[in-house]
$ cat model_13.csv   # CSV, C-alpha atoms
chain,number,residue,atom,x,y,z
A,1,MET,CA,-0.2,5.5,9.1
A,2,SER,CA,-3.4,4.0,7.6
A,3,TYR,CA,-4.7,0.5,8.1
A,4,PRO,CA,-3.4,-0.8,4.7
A,5,GLN,CA,0.0,0.7,5.4
A,6,LYS,CA,0.3,-0.9,8.8
A,7,ARG,CA,-0.9,-4.2,7.3
A,8,THR,CA,1.8,-4.0,4.6
A,9,LEU,CA,4.4,-3.3,7.3
A,10,VAL,CA,3.2,-6.4,9.3
A,11,ASN,CA,3.4,-8.5,6.1
A,12,ILE,CA,7.0,-7.3,5.4
A,13,VAL,CA,8.1,-8.2,9.0
A,14,THR,CA,6.3,-11.6,8.8
A,15,MET,CA,7.9,-12.6,5.5
A,16,ALA,CA,11.3,-11.4,6.6
A,17,ALA,CA,11.0,-13.4,9.8
A,18,VAL,CA,9.9,-16.6,8.0
A,19,TYR,CA,12.6,-16.3,5.4
A,20,THR,CA,15.3,-15.7,8.1
A,21,ALA,CA,14.0,-18.8,9.9
A,22,TYR,CA,14.2,-20.7,6.7
A,23,CYS,CA,17.8,-19.6,6.0
A,24,LEU,CA,18.9,-20.4,9.5
A,25,THR,CA,17.4,-23.9,9.4
A,26,ALA,CA,18.1,-24.9,5.8
A,27,PHE,CA,21.6,-23.6,5.4
A,28,SER,CA,22.8,-25.2,8.7
A,29,LYS,CA,21.1,-28.5,7.9
A,30,HIS,CA,21.6,-29.2,4.2
A,31,SER,CA,24.6,-29.3,1.9
A,32,PHE,CA,24.6,-27.5,-1.5
A,33,ALA,CA,26.4,-30.4,-3.0
A,34,GLY,CA,23.9,-33.0,-1.8
A,35,ASP,CA,20.5,-34.2,-2.9
A,36,LEU,CA,17.8,-31.7,-3.7
A,37,LYS,CA,15.1,-33.6,-1.8
A,38,PRO,CA,15.9,-32.4,1.7
A,39,TRP,CA,16.0,-28.8,0.4
A,40,ALA,CA,12.6,-29.3,-1.3
A,41,ILE,CA,11.1,-30.7,2.0
A,42,THR,CA,12.3,-27.7,4.0
A,43,MET,CA,11.1,-25.3,1.3
A,44,LEU,CA,7.6,-26.8,1.2
A,45,THR,CA,7.5,-26.8,5.0
A,46,TYR,CA,8.4,-23.1,5.1
A,47,ILE,CA,5.8,-22.2,2.4
A,48,GLY,CA,3.2,-23.7,4.8
A,49,VAL,CA,4.7,-21.9,7.7
A,50,ALA,CA,4.6,-18.6,5.8
A,51,ALA,CA,1.0,-19.1,4.8
A,52,ILE,CA,-0.1,-20.0,8.3
A,53,ALA,CA,2.0,-17.3,10.0
A,54,ALA,CA,0.6,-14.7,7.6
A,55,ILE,CA,-3.0,-15.6,8.3
A,56,ILE,CA,-2.5,-15.8,12.1
A,57,ILE,CA,-0.5,-12.6,12.3
A,58,GLN,CA,-3.0,-10.7,10.1
A,59,ILE,CA,-5.9,-11.8,12.3
A,60,VAL,CA,-4.0,-10.8,15.5
A,61,PHE,CA,-3.0,-7.5,13.9
A,62,HIS,CA,-6.6,-6.8,12.8
A,63,ILE,CA,-7.9,-7.4,16.4
A,64,PHE,CA,-5.2,-5.2,18.0
A,65,PHE,CA,-5.8,-2.5,15.4
A,66,SER,CA,-9.5,-2.5,16.0
A,67,ILE,CA,-9.0,-2.4,19.8
A,68,GLY,CA,-6.5,0.5,19.3
A,69,VAL,CA,-9.0,2.5,17.2
A,70,SER,CA,-11.8,1.8,19.7
A,71,VAL,CA,-9.7,2.9,22.7
A,72,HIS,CA,-8.6,6.0,20.8
A,73,GLU,CA,-12.1,6.9,20.0
A,74,ALA,CA,-13.3,6.3,23.6
A,75,VAL,CA,-10.6,8.5,25.0
A,76,LYS,CA,-11.2,11.2,22.3
A,77,ARG,CA,-15.0,11.4,22.6
A,78,GLN,CA,-15.4,10.7,26.3
A,79,ASP,CA,-18.0,7.9,26.7
A,80,PRO,CA,-19.0,7.4,23.1
A,81,GLU,CA,-21.9,5.3,22.0
A,82,SER,CA,-21.1,1.9,20.3
A,83,ALA,CA,-22.5,3.2,17.0
A,84,GLU,CA,-19.9,6.0,17.1
A,85,ILE,CA,-17.1,3.5,17.7
A,86,GLU,CA,-18.4,1.3,14.9
A,87,GLU,CA,-18.5,4.3,12.6
A,88,ALA,CA,-14.9,5.2,13.5
A,89,LEU,CA,-13.8,1.6,13.0
A,90,LYS,CA,-15.5,1.4,9.6
A,91,GLY,CA,-13.7,4.6,8.6
A,92,ALA,CA,-10.3,3.4,9.8
A,93,LEU,CA,-10.6,0.0,8.1
A,94,VAL,CA,-11.7,1.3,4.8
A,95,GLU,CA,-9.8,0.3,1.7
A,96,ASP,CA,-10.4,2.4,-1.3
A,97,GLU,CA,-9.4,2.9,-5.0
A,98,ARG,CA,-6.1,4.5,-4.1
A,99,ASP,CA,-5.1,1.5,-2.0
A,100,LYS,CA,-5.9,-0.8,-4.9
A,101,LEU,CA,-4.0,1.4,-7.3
A,102,LEU,CA,-0.9,1.4,-5.1
A,103,GLU,CA,-1.2,-2.4,-4.5
A,104,LEU,CA,-1.3,-2.9,-8.3
A,105,LYS,CA,1.7,-0.6,-8.9
A,106,SER,CA,3.8,-2.2,-6.2
A,107,SER,CA,3.0,-5.7,-7.4
A,108,ARG,CA,5.3,-4.9,-10.3
A,109,ALA,CA,8.3,-4.9,-7.9
A,110,ASN,CA,7.3,-8.5,-6.9
A,111,SER,CA,7.2,-9.6,-10.6
A,112,VAL,CA,10.6,-7.9,-11.3
A,113,THR,CA,12.2,-9.5,-8.3
A,114,LEU,CA,10.8,-13.0,-9.2
A,115,ALA,CA,12.1,-12.6,-12.8
A,116,GLY,CA,15.5,-11.5,-11.4
A,117,GLY,CA,15.6,-14.5,-9.1
A,118,LEU,CA,14.8,-16.8,-12.0
A,119,MET,CA,17.5,-15.2,-14.2
A,120,LEU,CA,20.1,-15.4,-11.4
A,121,GLY,CA,19.2,-19.1,-10.9
A,122,LEU,CA,19.7,-19.8,-14.5
A,123,VAL,CA,23.0,-17.9,-14.5
A,124,SER,CA,24.2,-19.9,-11.5
A,125,LEU,CA,23.6,-23.1,-13.5
A,126,VAL,CA,25.5,-21.7,-16.4
A,127,LEU,CA,28.4,-20.8,-14.1
A,128,GLY,CA,28.4,-24.4,-12.8
A,129,PHE,CA,27.0,-23.9,-9.3
A,130,PRO,CA,25.1,-26.8,-7.7
A,131,TYR,CA,21.4,-27.2,-8.4
A,132,ALA,CA,20.6,-26.3,-4.8
A,133,VAL,CA,22.0,-22.8,-5.3
A,134,MET,CA,19.6,-22.3,-8.3
A,135,LEU,CA,16.7,-23.7,-6.2
A,136,ASN,CA,17.5,-21.3,-3.3
A,137,LEU,CA,17.8,-18.3,-5.6
A,138,ILE,CA,14.4,-18.9,-7.0
A,139,TYR,CA,12.9,-19.7,-3.6
A,140,GLY,CA,14.5,-16.6,-2.1
A,141,ALA,CA,13.1,-14.5,-4.9
A,142,PHE,CA,9.6,-15.3,-3.8
A,143,PHE,CA,10.2,-14.0,-0.2
A,144,VAL,CA,12.4,-11.0,-1.3
A,145,GLY,CA,9.7,-10.2,-4.0
A,146,THR,CA,7.0,-10.0,-1.4
A,147,ILE,CA,9.2,-7.9,0.9
A,148,ALA,CA,10.1,-5.6,-2.1
A,149,GLU,CA,6.4,-5.3,-3.0
A,150,GLY,CA,5.7,-4.2,0.5
A,151,ILE,CA,8.5,-1.7,0.6
A,152,VAL,CA,7.5,-0.2,-2.8
A,153,ASN,CA,3.9,0.0,-1.6
A,154,LEU,CA,5.0,2.0,1.5
A,155,ILE,CA,7.2,4.3,-0.6
A,156,LEU,CA,4.3,5.0,-3.0
A,157,TYR,CA,2.0,5.9,0.0
A,158,ARG,CA,4.6,8.5,1.0
A,159,LYS,CA,5.4,9.7,-2.6
A,160,GLY,CA,2.0,9.5,-4.1
A,161,ALA,CA,1.0,7.8,-7.3
A,162,MET,CA,-1.1,8.9,-10.3
A,163,HIS,CA,-3.1,6.8,-12.7
A,164,GLY,CA,-1.3,5.7,-15.9
B,1,MET,CA,7.9,19.6,-26.2
B,2,ALA,CA,5.5,17.1,-24.7
B,3,LYS,CA,2.4,18.4,-23.0
B,4,GLU,CA,0.8,17.0,-19.9
B,5,ILE,CA,-2.5,17.5,-18.1
B,6,VAL,CA,-2.3,18.3,-14.4
B,7,ILE,CA,-5.5,18.0,-12.4
B,8,LEU,CA,-6.1,20.6,-9.8
B,9,ASN,CA,-8.7,20.8,-7.1
B,10,LYS,CA,-10.4,23.2,-4.7
B,11,ILE,CA,-11.3,20.7,-2.0
B,12,ARG,CA,-9.6,22.6,0.8
B,13,GLU,CA,-11.5,25.7,-0.1
B,14,LEU,CA,-14.8,23.9,-0.4
B,15,ARG,CA,-14.3,22.3,2.9
B,16,PHE,CA,-13.7,25.7,4.5
B,17,PHE,CA,-17.0,27.0,3.0
B,18,ALA,CA,-18.8,23.9,4.1
B,19,ASP,CA,-18.5,24.9,7.8
B,20,GLU,CA,-14.9,23.8,7.9
B,21,MET,CA,-15.9,20.2,7.1
B,22,THR,CA,-13.1,17.8,8.3
B,23,GLN,CA,-11.2,15.5,6.0
B,24,GLN,CA,-12.6,12.6,8.0
B,25,THR,CA,-16.2,13.7,7.4
B,26,LEU,CA,-15.6,14.1,3.7
B,27,ALA,CA,-13.9,10.7,3.5
B,28,GLN,CA,-16.8,9.1,5.3
B,29,LYS,CA,-19.3,10.8,2.9
B,30,VAL,CA,-17.6,9.5,-0.2
B,31,GLY,CA,-16.5,6.1,1.2
B,32,VAL,CA,-12.7,6.5,1.1
B,33,SER,CA,-10.0,6.8,3.8
B,34,ARG,CA,-8.9,10.2,5.2
B,35,GLN,CA,-5.4,9.6,3.7
B,36,THR,CA,-7.0,9.5,0.2
B,37,ILE,CA,-8.6,12.9,0.7
B,38,ILE,CA,-5.2,14.2,2.0
B,39,ALA,CA,-3.5,12.8,-1.1
B,40,ILE,CA,-6.1,14.3,-3.4
B,41,GLU,CA,-5.9,17.7,-1.8
B,42,ALA,CA,-2.1,17.7,-2.1
B,43,ASN,CA,-2.4,16.7,-5.8
B,44,LYS,CA,-0.6,13.4,-5.0
B,45,TYR,CA,-3.5,11.3,-6.3
B,46,SER,CA,-6.0,11.9,-9.1
B,47,PRO,CA,-9.3,10.3,-8.2
B,48,SER,CA,-11.4,8.2,-10.5
B,49,LEU,CA,-14.4,9.9,-12.2
B,50,LYS,CA,-16.7,8.1,-9.8
B,51,LEU,CA,-14.9,9.4,-6.7
B,52,ALA,CA,-14.6,12.9,-8.3
B,53,PHE,CA,-18.4,13.0,-8.9
B,54,GLY,CA,-18.9,11.7,-5.3
B,55,ILE,CA,-16.8,14.5,-3.9
B,56,ALA,CA,-18.7,17.1,-5.9
B,57,ASN,CA,-21.9,15.6,-4.8
B,58,ALA,CA,-20.8,15.8,-1.1
B,59,PHE,CA,-20.3,19.5,-1.5
B,60,GLY,CA,-23.5,19.9,-3.6
B,61,VAL,CA,-21.6,21.5,-6.5
B,62,GLU,CA,-20.8,20.6,-10.1
B,63,ILE,CA,-17.6,18.6,-10.7
B,64,THR,CA,-16.0,21.5,-12.6
B,65,GLU,CA,-16.3,23.6,-9.4
B,66,VAL,CA,-14.1,21.1,-7.6
B,67,PHE,CA,-11.7,19.9,-10.2
B,68,SER,CA,-10.0,21.8,-13.0
B,69,TYR,CA,-7.0,21.0,-15.3
B,70,GLU,CA,-4.0,22.7,-16.7
B,71,VAL,CA,-2.1,21.7,-19.8
B,72,ILE,CA,1.6,22.3,-19.2
B,73,GLU,CA,4.9,21.5,-20.9
B,74,VAL,CA,6.8,18.6,-19.3
B,75,ALA,CA,9.8,20.8,-18.7
B,76,GLU,CA,7.6,23.4,-17.1
B,77,LYS,CA,6.2,20.8,-14.8
B,78,LYS,CA,9.7,19.9,-13.7
B,79,ASN,CA,10.4,23.5,-12.9
B,80,LYS,CA,7.1,23.8,-10.9
B,81,LYS,CA,8.1,20.8,-8.8
B,82,LYS,CA,11.5,22.3,-8.2
B,83,SER,CA,10.0,25.6,-7.1
B,84,LYS,CA,7.7,23.7,-4.6
$ encode --input "model_13.csv" --output "structure tokens"
Amino acid sequence: MSYPQKRTLVNIVTMAAVYTAYCLTAFSKHSFAGDLKPWAITMLTYIGVAAIAAIIIQIVFHIFFSIGVSVHEAVKRQDPESAEIEEALKGALVEDERDKLLELKSSRANSVTLAGGLMLGLVSLVLGFPYAVMLNLIYGAFFVGTIAEGIVNLILYRKGAMHG
Amino acid sequence: MAKEIVILNKIRELRFFADEMTQQTLAQKVGVSRQTIIAIEANKYSPSLKLAFGIANAFGVEITEVFSYEVIEVAEKKNKKKSK
């Protein structure tokens, strides 16, 4: 598994964990029939949590990945020079045109999920569900969309993708 | 019936004749990941023109010696995939 694939996997796990934490907190604390303000406060809090968690986890992942590559190289080459380790690290961390193409293609999954979430939210209003249900459907679509994007990205890495 | 262009390559063969150059070495020469070279070799990814020229340059040959194409019918392509 390459660096971008592992990073995508870490991102999926982070988003899933943050969204699970949100669900456990929000659904136990707030009522769907009540005011929207407490929901909005919790949602904003978890957007901040998601952003900070994503940054910290990516940094930690990058450090561990670099250590892993360096150790692997040291074991493989038996006392390598630092330039050789740096070269191996550079090779392992490279992101090229294929990574960008797959990222672009998988971002469609995110857009589709977001649109689906918005539609479901509107349908819930039409069916007479409380406003909090609509808000949660749209909010959930952001997380599910990011997770779906990551999953599609990993599938495309396995399956392959062509231009066009 | 619709026709489609399939891009083929001889990277594996050229690597063999270049002192069994590793995929990692070729990847480093052209500035991509080893996974991208693997995907190109397996016809799972068509490189950009820039990368295609870069690969040809790494072997010191013309681009046409590395990449070629085949025009096939869409149904024919499906059959080819099945036979793989």
$ closest_residue --input "model_13.csv" --among "A:Thr42, A:Gly150, A:Ile155, A:Ala17" --to "Lys29 of chain A" --atoms "all atoms listed in the file"
A:Thr42
$ interface_residues --input "model_13.csv" --of "chain B" --to "chain A" --cutoff "7 Å" --atoms "all atoms listed in the file" --output "mmCIF file with C-alpha atoms, in the coordinates of the input"
data_model
loop_
_atom_site.group_PDB
_atom_site.id
_atom_site.type_symbol
_atom_site.label_atom_id
_atom_site.label_comp_id
_atom_site.auth_asym_id
_atom_site.auth_seq_id
_atom_site.Cartn_x
_atom_site.Cartn_y
_atom_site.Cartn_z
ATOM 1 C CA GLN B 28 -16.800 9.100 5.300
ATOM 2 C CA VAL B 32 -12.700 6.500 1.100
ATOM 3 C CA SER B 33 -10.000 6.800 3.800
ATOM 4 C CA THR B 36 -7.000 9.500 0.200
ATOM 5 C CA LYS B 44 -0.600 13.400 -5.000
ATOM 6 C CA TYR B 45 -3.500 11.300 -6.300
ATOM 7 C CA SER B 46 -6.000 11.900 -9.100
#
$ residues_near_point --input "model_13.csv" --point "(12.6, -6.4, -8.1)" --cutoff "9 Å" --atoms "only C-alpha atoms" --output "count of residues only"
15
$ residues_near_point --input "model_13.csv" --point "(10.1, -26.4, 7.6)" --cutoff "9 Å" --atoms "all atoms listed in the file" --output "PyMOL selection string"
chain A and resi 21-22+25-26+41-49
$ axis_aligned_box --input "model_13.csv" --around "segment 25-30 of chain B" --padding-each-side "6 Å" --output "AutoDock Vina command-line options"
--center_x -16.6 --center_y 11.6 --center_z 3.6 --size_x 17.4 --size_y 17.0 --size_z 19.6
$ atom_distance --input "model_13.csv" --atom1 "atom CA of Gly121 of chain A" --atom2 "atom CA of Thr20 of chain A"
19.7 Å
$ atom_distance --input "model_13.csv" --atom1 "atom CA of Glu70 of chain B" --atom2 "atom CA of Ile7 of chain B"
6.5 Å
$ residues_around --input "model_13.csv" --residues "Ile37 of chain B" --least-positions-apart "3" --cutoff "8 Å" --atoms "all atoms listed in the file" --output "list in words"
Gln23, Leu26, Ala27, Val32, Ser33, Arg34, Ile40 and Glu41 of chain B
$ atom_distance --input "model_13.csv" --atom1 "atom CA of Leu104 of chain A" --atom2 "atom CA of Gln24 of chain B"
25.2 Å
$ residues_around --input "model_13.csv" --residues "Ala50 of chain A" --least-positions-apart "4" --cutoff "7 Å" --atoms "only C-alpha atoms" --output "PDB file with C-alpha atoms, keeping the file's coordinate frame"
ATOM      1  CA  MET A  15       7.900 -12.600   5.500  1.00  0.00           C
ATOM      2  CA  VAL A  18       9.900 -16.600   8.000  1.00  0.00           C
ATOM      3  CA  TYR A  46       8.400 -23.100   5.100  1.00  0.00           C
ATOM      4  CA  ALA A  54       0.600 -14.700   7.600  1.00  0.00           C
TER       5      ALA A  54
END
$ residues_around --input "model_13.csv" --residues "Phe32 of chain A" --least-positions-apart "6" --cutoff "10 Å" --atoms "only C-alpha atoms" --output "list in words"
Trp39, Phe129, Pro130, Tyr131, Ala132, Val133, Met134, Leu135 and Asn136 of chain A
$ closest_residue --input "model_13.csv" --among "A:Leu102, A:Val126, A:Ala40, A:Leu24" --to "Pro4 of chain A" --atoms "only C-alpha atoms"
A:Leu102
$ residues_around --input "model_13.csv" --residues "segment 52-56 of chain B" --least-positions-apart "6" --cutoff "7 Å" --atoms "only C-alpha atoms" --output "compact mmCIF listing (two decimals) with C-alpha atoms, keeping the file's coordinate frame"
# COMPACT_ATOMS: atom_id res chain seq x y z
CA VAL B 30 -17.60 9.50 -0.20
CA GLU B 62 -20.80 20.60 -10.10
CA ILE B 63 -17.60 18.60 -10.70
CA VAL B 66 -14.10 21.10 -7.60
